[in-house]
file my_file27.txt (compact mmCIF, C-alpha atoms)
# COMPACT_ATOMS: atom_id res chain seq x y z
CA MET A 1 114.84 155.51 120.52
CA ILE A 2 114.53 152.16 118.76
CA LEU A 3 112.23 151.76 115.76
CA TYR A 4 110.63 148.31 115.75
CA PRO A 5 109.26 147.29 112.33
CA ALA A 6 106.12 145.21 112.87
CA ILE A 7 105.29 141.94 111.18
CA ASP A 8 101.77 140.85 112.06
CA LEU A 9 101.10 137.23 111.12
CA LYS A 10 97.71 135.90 110.05
CA ASP A 11 97.32 132.54 108.32
CA GLY A 12 101.06 132.47 107.61
CA GLN A 13 101.12 135.85 105.87
CA ALA A 14 102.36 139.29 106.88
CA VAL A 15 99.27 141.50 107.25
CA ARG A 16 98.05 144.67 108.89
CA LEU A 17 94.69 145.05 110.58
CA LEU A 18 92.59 148.17 110.94
CA ARG A 19 91.98 148.88 114.65
CA GLY A 20 92.49 145.23 115.51
CA ALA A 21 89.66 143.84 113.36
CA MET A 22 90.61 140.41 111.98
CA ASP A 23 88.14 140.82 109.11
CA LYS A 24 89.90 144.02 108.04
CA ALA A 25 93.28 142.52 107.20
CA THR A 26 95.44 143.70 104.32
CA VAL A 27 98.05 141.17 103.13
CA PHE A 28 101.40 142.87 102.50
CA ASN A 29 103.65 139.85 102.01
CA ASP A 30 103.00 136.13 101.75
CA ASP A 31 106.63 135.47 102.75
CA PRO A 32 107.11 136.93 106.25
CA ALA A 33 110.76 135.85 106.45
CA ALA A 34 111.54 137.76 103.25
CA GLN A 35 109.74 140.78 104.70
CA ALA A 36 111.81 140.52 107.86
CA GLN A 37 115.02 140.29 105.84
CA SER A 38 114.10 143.45 103.94
CA PHE A 39 113.67 145.31 107.24
CA VAL A 40 117.00 143.99 108.51
CA GLY A 41 118.64 144.93 105.23
CA ALA A 42 117.46 148.50 105.76
CA GLY A 43 119.25 148.56 109.11
CA CYS A 44 116.65 147.86 111.79
CA GLU A 45 117.95 146.83 115.23
CA TRP A 46 114.89 144.82 116.32
CA LEU A 47 111.82 143.11 114.89
CA HIS A 48 108.33 143.14 116.44
CA LEU A 49 106.28 140.04 115.62
CA VAL A 50 102.63 139.35 116.41
CA ASP A 51 100.81 136.03 116.03
CA LEU A 52 97.33 137.42 115.38
CA ASN A 53 95.67 134.01 115.12
CA GLY A 54 97.43 132.99 118.31
CA ALA A 55 96.09 136.00 120.19
CA PHE A 56 92.56 134.76 119.57
CA ALA A 57 93.31 131.05 119.90
CA GLY A 58 95.27 131.38 123.14
CA GLU A 59 98.16 129.35 121.79
CA PRO A 60 100.78 129.80 119.04
CA VAL A 61 99.34 129.36 115.54
CA ASN A 62 101.93 130.99 113.27
CA ALA A 63 104.96 129.22 114.72
CA ALA A 64 106.36 128.21 111.33
CA PRO A 65 106.75 131.74 109.91
CA VAL A 66 108.10 132.99 113.24
CA GLU A 67 110.74 130.25 113.26
CA ALA A 68 111.60 131.06 109.64
CA ILE A 69 112.13 134.70 110.59
CA LEU A 70 114.34 133.77 113.54
CA LYS A 71 116.50 131.57 111.28
CA ALA A 72 116.72 134.14 108.51
CA CYS A 73 117.52 137.25 110.57
CA ASP A 74 120.37 138.08 112.92
CA VAL A 75 118.68 140.90 114.86
CA PRO A 76 116.71 140.29 118.07
CA ALA A 77 112.95 139.79 117.78
CA GLN A 78 110.05 140.07 120.20
CA LEU A 79 106.81 138.13 119.79
CA GLY A 80 103.31 138.50 121.16
CA GLY A 81 100.09 136.58 120.61
CA GLY A 82 98.95 133.36 122.25
CA ILE A 83 101.83 133.06 124.73
CA ARG A 84 100.06 132.11 127.93
CA ASP A 85 102.09 129.45 129.79
CA MET A 86 105.65 128.81 130.94
CA ALA A 87 106.19 125.94 128.49
CA THR A 88 105.43 128.18 125.51
CA ILE A 89 107.65 130.95 126.90
CA ALA A 90 110.54 128.55 127.43
CA ARG A 91 110.10 127.04 123.97
CA TRP A 92 110.26 130.38 122.20
CA ILE A 93 113.27 131.60 124.13
CA ASP A 94 114.99 128.28 123.43
CA LYS A 95 114.34 128.84 119.71
CA GLY A 96 116.17 132.16 119.85
CA LEU A 97 113.43 134.68 120.50
CA ALA A 98 114.87 137.64 122.40
CA ARG A 99 111.66 138.68 124.11
CA VAL A 100 108.19 137.24 124.65
CA ILE A 101 105.30 139.68 125.03
CA LEU A 102 102.64 138.69 127.56
CA GLY A 103 99.35 140.50 127.10
CA THR A 104 96.17 138.71 128.07
CA VAL A 105 97.88 136.76 130.86
CA ALA A 106 99.21 140.01 132.34
CA VAL A 107 95.59 140.73 133.26
CA GLU A 108 94.31 137.23 133.90
CA ASN A 109 97.38 135.62 135.48
CA PRO A 110 99.90 138.25 136.61
CA ALA A 111 101.72 135.63 138.68
CA LEU A 112 102.81 134.01 135.41
CA VAL A 113 104.41 137.26 134.29
CA ARG A 114 106.35 137.46 137.52
CA GLU A 115 107.44 133.82 137.33
CA ALA A 116 108.54 134.20 133.71
CA ALA A 117 110.46 137.43 134.43
CA ARG A 118 112.31 135.67 137.27
CA GLU A 119 113.03 132.58 135.17
CA PHE A 120 114.07 134.48 132.03
CA PRO A 121 115.51 137.86 133.09
CA GLY A 122 115.45 140.42 130.30
CA HIS A 123 113.33 138.25 128.02
CA VAL A 124 109.80 139.09 129.18
CA ALA A 125 107.77 142.14 128.16
CA VAL A 126 104.20 143.06 129.00
CA GLY A 127 101.85 144.08 126.21
CA ILE A 128 99.20 146.57 127.31
CA ASP A 129 96.55 147.19 124.67
CA ALA A 130 93.96 149.82 125.46
CA ARG A 131 90.84 151.57 124.29
CA ASP A 132 90.14 154.89 126.00
CA GLY A 133 92.61 154.16 128.78
CA ARG A 134 91.25 150.70 129.66
CA VAL A 135 92.95 147.41 128.91
CA ALA A 136 91.63 145.02 126.25
CA THR A 137 92.55 141.32 126.07
CA LYS A 138 92.21 138.23 123.86
CA GLY A 139 93.28 139.89 120.63
CA TRP A 140 91.55 143.11 121.68
CA ALA A 141 88.19 141.31 121.55
CA GLU A 142 87.42 141.70 125.26
CA GLU A 143 87.52 144.94 127.19
CA THR A 144 88.21 145.15 130.92
CA ASP A 145 87.81 147.79 133.61
CA VAL A 146 91.56 147.72 134.30
CA LEU A 147 93.30 151.06 133.82
CA VAL A 148 96.51 151.08 131.79
CA THR A 149 98.59 152.85 134.43
CA ASP A 150 97.35 150.59 137.23
CA LEU A 151 98.32 147.47 135.30
CA ALA A 152 101.73 148.87 134.41
CA ARG A 153 102.50 149.92 137.97
CA SER A 154 101.56 146.47 139.25
CA PHE A 155 104.64 145.07 137.47
CA GLU A 156 107.11 147.69 138.69
CA ASP A 157 108.89 145.20 140.94
CA ALA A 158 108.54 142.17 138.62
CA GLY A 159 111.65 142.71 136.51
CA VAL A 160 109.92 142.90 133.12
CA ALA A 161 112.09 144.19 130.30
CA ALA A 162 109.58 146.52 128.66
CA ILE A 163 105.95 147.53 128.29
CA ILE A 164 104.52 147.66 124.78
CA TYR A 165 101.65 150.14 124.92
CA THR A 166 99.16 150.04 122.04
CA ASP A 167 96.31 152.47 121.55
CA ILE A 168 93.87 150.24 119.67
CA ASN A 169 91.89 153.11 118.19
CA ARG A 170 95.03 154.38 116.48
CA ASP A 171 96.38 151.00 115.30
CA GLY A 172 96.56 150.64 111.52
CA ALA A 173 94.51 153.83 111.08
CA MET A 174 97.46 156.03 109.97
CA GLN A 175 96.16 158.83 112.22
CA GLY A 176 99.20 159.27 114.43
CA PRO A 177 100.02 157.78 117.84
CA ASN A 178 98.50 158.79 121.14
CA VAL A 179 101.57 160.75 122.20
CA ALA A 180 100.07 162.21 125.38
CA ALA A 181 98.87 158.87 126.76
CA THR A 182 102.14 157.16 125.88
CA ALA A 183 104.20 159.87 127.55
CA ALA A 184 101.98 159.80 130.63
CA LEU A 185 102.43 156.06 130.97
CA ALA A 186 106.20 156.25 130.49
CA ASN A 187 106.45 158.96 133.13
CA ALA A 188 104.30 156.94 135.55
CA VAL A 189 106.53 153.86 135.60
CA SER A 190 110.24 153.03 135.61
CA ILE A 191 109.79 150.14 133.16
CA PRO A 192 110.90 151.05 129.59
CA VAL A 193 107.88 151.85 127.40
CA ILE A 194 107.54 151.11 123.68
CA ALA A 195 104.86 153.04 121.78
CA SER A 196 102.59 151.23 119.34
CA GLY A 197 99.57 152.14 117.26
CA GLY A 198 99.21 154.88 114.66
CA VAL A 199 102.88 155.68 113.96
CA SER A 200 102.46 156.82 110.37
CA SER A 201 105.09 159.47 109.58
CA LEU A 202 108.52 160.74 110.46
CA ASP A 203 106.79 163.56 112.32
CA ASP A 204 105.08 160.97 114.54
CA LEU A 205 108.45 159.45 115.40
CA VAL A 206 109.86 162.88 116.23
CA ALA A 207 106.81 163.63 118.39
CA LEU A 208 107.34 160.42 120.36
CA ARG A 209 111.08 161.00 120.67
CA ASP A 210 110.47 164.50 121.98
CA CYS A 211 107.35 163.73 124.05
CA GLY A 212 108.90 164.56 127.40
CA ALA A 213 109.34 160.93 128.41
CA ASP A 214 112.29 158.66 127.77
CA LEU A 215 110.63 156.09 125.51
CA ASN A 216 112.51 152.90 124.67
CA GLY A 217 111.12 152.85 121.15
CA ALA A 218 108.20 152.91 118.75
CA ILE A 219 106.57 150.20 116.63
CA SER A 220 105.43 150.88 113.08
CA GLY A 221 103.82 148.55 110.59
CA ARG A 222 101.44 149.85 107.92
CA ALA A 223 103.40 153.06 107.35
CA LEU A 224 106.51 151.06 106.49
CA TYR A 225 104.59 148.82 104.10
CA ASP A 226 102.77 151.74 102.47
CA GLY A 227 105.96 153.74 102.12
CA ALA A 228 104.72 156.58 104.33
CA ILE A 229 107.85 156.01 106.42
CA ASP A 230 111.17 155.17 104.79
CA LEU A 231 112.87 152.83 107.27
CA GLY A 232 116.40 153.92 106.45
CA GLU A 233 115.49 157.59 106.76
CA ALA A 234 113.66 156.96 110.04
CA LEU A 235 116.59 155.08 111.52
CA THR A 236 118.96 157.90 110.55
CA LEU A 237 116.60 160.42 112.14
CA LEU A 238 116.31 158.52 115.41
CA ASN A 239 119.98 157.61 115.69
CA GLY A 240 121.33 160.96 114.56
call {"tool": "encode", "arguments": {"input": "my_file27.txt", "output": "structure tokens"}}
result
Amino acid sequence: MILYPAIDLKDGQAVRLLRGAMDKATVFNDDPAAQAQSFVGAGCEWLHLVDLNGAFAGEPVNAAPVEAILKACDVPAQLGGGIRDMATIARWIDKGLARVILGTVAVENPALVREAAREFPGHVAVGIDARDGRVATKGWAEETDVLVTDLARSFEDAGVAAIIYTDINRDGAMQGPNVAATAALANAVSIPVIASGGVSSLDDLVALRDCGADLNGAISGRALYDGAIDLGEALTLLNG
């Protein structure tokens, strides 16, 4: 199981939000590229990047720090937030991004997800963010009546590389991930599932690894910044 260190970008800085609230941001590093290099130096295999401003704006806002990270680091990175058209997808992949994460458009324009997955095989993931089992969009600001499992199953034949499933109520709260919901989703679809939201200890990583579903990986942010999870120790645990 891959551990994806998260770098959430707001106004050019690496931050963490509490349950997705933009006004509850804690700045952890004003040099995101340096933060990324520290994660890579500890041995991570992937980086998970989020353009928080972009998620609300509907277009990339933190392009400069993302590009700096891509230039500074030699591990693959995935990016979500404000990626809502083919031109933006193509531009990021051309700049060396390994995977784009499509969230809001997966609900509002699923045809774009399918087109992108055909055009860029292996480079397109779907981000499903949920409160109480229902999908939220536009930086988690808008809730829908779409069920998580229904949305995931609708892309079974689309060729997407992964689903990043975030339980919003757990995100940044250091209360542990929603293991049961994540496992249920992973067992309901053949698409690889990455768990996100609330991963705050080594025990959480073990619980996800041993949840009864073959998860692709887990994303952790605040716990790595706070020191609740030692990245090197976690990587040893998961790869042992």
call {"tool": "closest_residue", "arguments": {"input": "my_file27.txt", "among": "A:Gly197, A:Gly58, A:Pro192, A:Pro65", "to": "Val126 in chain A", "atoms": "only C-alpha atoms"}}
result
A:Pro192
call {"tool": "residues_around", "arguments": {"input": "my_file27.txt", "residues": "range 193-195 of chain A", "least_positions_apart": "4", "cutoff": "7 Å", "atoms": "only C-alpha atoms", "output": "number ranges by chain"}}
result
A: 162-166, 182, 186, 215-219
call {"tool": "write_last_selection", "arguments": {"input": "my_file27.txt", "atoms": "C-alpha atoms", "output": "PDB file, keeping the file's coordinate frame"}}
result
ATOM      1  CA  ALA A 162     109.580 146.520 128.660  1.00  0.00           C
ATOM      2  CA  ILE A 163     105.950 147.530 128.290  1.00  0.00           C
ATOM      3  CA  ILE A 164     104.520 147.660 124.780  1.00  0.00           C
ATOM      4  CA  TYR A 165     101.650 150.140 124.920  1.00  0.00           C
ATOM      5  CA  THR A 166      99.160 150.040 122.040  1.00  0.00           C
ATOM      6  CA  THR A 182     102.140 157.160 125.880  1.00  0.00           C
ATOM      7  CA  ALA A 186     106.200 156.250 130.490  1.00  0.00           C
ATOM      8  CA  LEU A 215     110.630 156.090 125.510  1.00  0.00           C
ATOM      9  CA  ASN A 216     112.510 152.900 124.670  1.00  0.00           C
ATOM     10  CA  GLY A 217     111.120 152.850 121.150  1.00  0.00           C
ATOM     11  CA  ALA A 218     108.200 152.910 118.750  1.00  0.00           C
ATOM     12  CA  ILE A 219     106.570 150.200 116.630  1.00  0.00           C
TER      13      ILE A 219
END
call {"tool": "residues_around", "arguments": {"input": "my_file27.txt", "residues": "range 77-84 of chain A", "least_positions_apart": "4", "cutoff": "6 Å", "atoms": "only C-alpha atoms", "output": "mmCIF file with C-alpha atoms, keeping the file's coordinate frame"}}
result
data_model
loop_
_atom_site.group_PDB
_atom_site.id
_atom_site.type_symbol
_atom_site.label_atom_id
_atom_site.label_comp_id
_atom_site.auth_asym_id
_atom_site.auth_seq_id
_atom_site.Cartn_x
_atom_site.Cartn_y
_atom_site.Cartn_z
ATOM 1 C CA TRP A 46 114.890 144.820 116.320
ATOM 2 C CA LEU A 47 111.820 143.110 114.890
ATOM 3 C CA HIS A 48 108.330 143.140 116.440
ATOM 4 C CA LEU A 49 106.280 140.040 115.620
ATOM 5 C CA VAL A 50 102.630 139.350 116.410
ATOM 6 C CA ASP A 51 100.810 136.030 116.030
ATOM 7 C CA LEU A 52 97.330 137.420 115.380
ATOM 8 C CA GLY A 54 97.430 132.990 118.310
ATOM 9 C CA ALA A 55 96.090 136.000 120.190
ATOM 10 C CA GLY A 58 95.270 131.380 123.140
ATOM 11 C CA GLU A 59 98.160 129.350 121.790
ATOM 12 C CA PRO A 60 100.780 129.800 119.040
ATOM 13 C CA LEU A 97 113.430 134.680 120.500
ATOM 14 C CA ALA A 98 114.870 137.640 122.400
ATOM 15 C CA ARG A 99 111.660 138.680 124.110
ATOM 16 C CA VAL A 100 108.190 137.240 124.650
ATOM 17 C CA ILE A 101 105.300 139.680 125.030
ATOM 18 C CA VAL A 105 97.880 136.760 130.860
#
call {"tool": "closest_residue", "arguments": {"input": "my_file27.txt", "among": "A:Ile2, A:Ser154, A:Asn53, A:Arg209", "to": "Asp23 in chain A", "atoms": "only C-alpha atoms"}}
result
A:Asn53
call {"tool": "residues_around", "arguments": {"input": "my_file27.txt", "residues": "Asn178 in chain A", "least_positions_apart": "6", "cutoff": "8 Å", "atoms": "all atoms listed in the file", "output": "ChimeraX atom specification"}}
result
/A:167,170,197-198
call {"tool": "atom_distance", "arguments": {"input": "my_file27.txt", "atom1": "CA of Ala36 in chain A", "atom2": "CA of Ile7 in chain A"}}
result
7.5 Å
call {"tool": "closest_residue", "arguments": {"input": "my_file27.txt", "among": "A:Ala183, A:Ala158, A:Arg222, A:Phe39", "to": "Ala25 in chain A", "atoms": "all atoms listed in the file"}}
result
A:Arg222
call {"tool": "closest_residue", "arguments": {"input": "my_file27.txt", "among": "A:Val27, A:Ala116, A:Leu147, A:Ala125", "to": "Gly103 in chain A", "atoms": "only C-alpha atoms"}}
result
A:Ala125
call {"tool": "closest_residue", "arguments": {"input": "my_file27.txt", "among": "A:Thr236, A:Lys10, A:Asp129, A:Arg91", "to": "Val61 in chain A", "atoms": "all atoms listed in the file"}}
result
A:Lys10
call {"tool": "atom_distance", "arguments": {"input": "my_file27.txt", "atom1": "CA of Asp226 in chain A", "atom2": "CA of Lys24 in chain A"}}
result
16.0 Å
call {"tool": "residues_around", "arguments": {"input": "my_file27.txt", "residues": "Leu237 in chain A", "least_positions_apart": "5", "cutoff": "12 Å", "atoms": "only C-alpha atoms", "output": "list in words"}}
result
Met1, Ile2, Leu3, Ser201, Leu202, Asp203, Asp204, Leu205, Val206, Arg209, Ile229, Asp230, Leu231 and Gly232 of chain A
call {"tool": "residues_near_point", "arguments": {"input": "my_file27.txt", "point": "(105.5, 132.9, 104.1)", "cutoff": "8 Å", "atoms": "all atoms listed in the file", "output": "MDAnalysis selection string"}}
result
chainID A and resid 12:14 29:34 65
call {"tool": "closest_residue", "arguments": {"input": "my_file27.txt", "among": "A:Gly212, A:Gly122, A:Gly43, A:Gly176", "to": "Ala161 in chain A", "atoms": "all atoms listed in the file"}}
result
A:Gly122
call {"tool": "atom_distance", "arguments": {"input": "my_file27.txt", "atom1": "CA of Ala21 in chain A", "atom2": "CA of Ala141 in chain A"}}
result
8.7 Å
call {"tool": "residues_near_point", "arguments": {"input": "my_file27.txt", "point": "(110.8, 134.3, 135.4)", "cutoff": "12 Å", "atoms": "all atoms listed in the file", "output": "VMD selection string"}}
result
chain A and resid 85 to 87 89 to 90 93 100 110 to 125 158 to 161
call {"tool": "write_last_selection", "arguments": {"input": "my_file27.txt", "atoms": "C-alpha atoms", "output": "CSV table (one decimal), in the frame of the given file"}}
result
chain,number,residue,atom,x,y,z
A,85,ASP,CA,102.1,129.4,129.8
A,86,MET,CA,105.6,128.8,130.9
A,87,ALA,CA,106.2,125.9,128.5
A,89,ILE,CA,107.6,131.0,126.9
A,90,ALA,CA,110.5,128.6,127.4
A,93,ILE,CA,113.3,131.6,124.1
A,100,VAL,CA,108.2,137.2,124.6
A,110,PRO,CA,99.9,138.2,136.6
A,111,ALA,CA,101.7,135.6,138.7
A,112,LEU,CA,102.8,134.0,135.4
A,113,VAL,CA,104.4,137.3,134.3
A,114,ARG,CA,106.4,137.5,137.5
A,115,GLU,CA,107.4,133.8,137.3
A,116,ALA,CA,108.5,134.2,133.7
A,117,ALA,CA,110.5,137.4,134.4
A,118,ARG,CA,112.3,135.7,137.3
A,119,GLU,CA,113.0,132.6,135.2
A,120,PHE,CA,114.1,134.5,132.0
A,121,PRO,CA,115.5,137.9,133.1
A,122,GLY,CA,115.4,140.4,130.3
A,123,HIS,CA,113.3,138.2,128.0
A,124,VAL,CA,109.8,139.1,129.2
A,125,ALA,CA,107.8,142.1,128.2
A,158,ALA,CA,108.5,142.2,138.6
A,159,GLY,CA,111.6,142.7,136.5
A,160,VAL,CA,109.9,142.9,133.1
A,161,ALA,CA,112.1,144.2,130.3
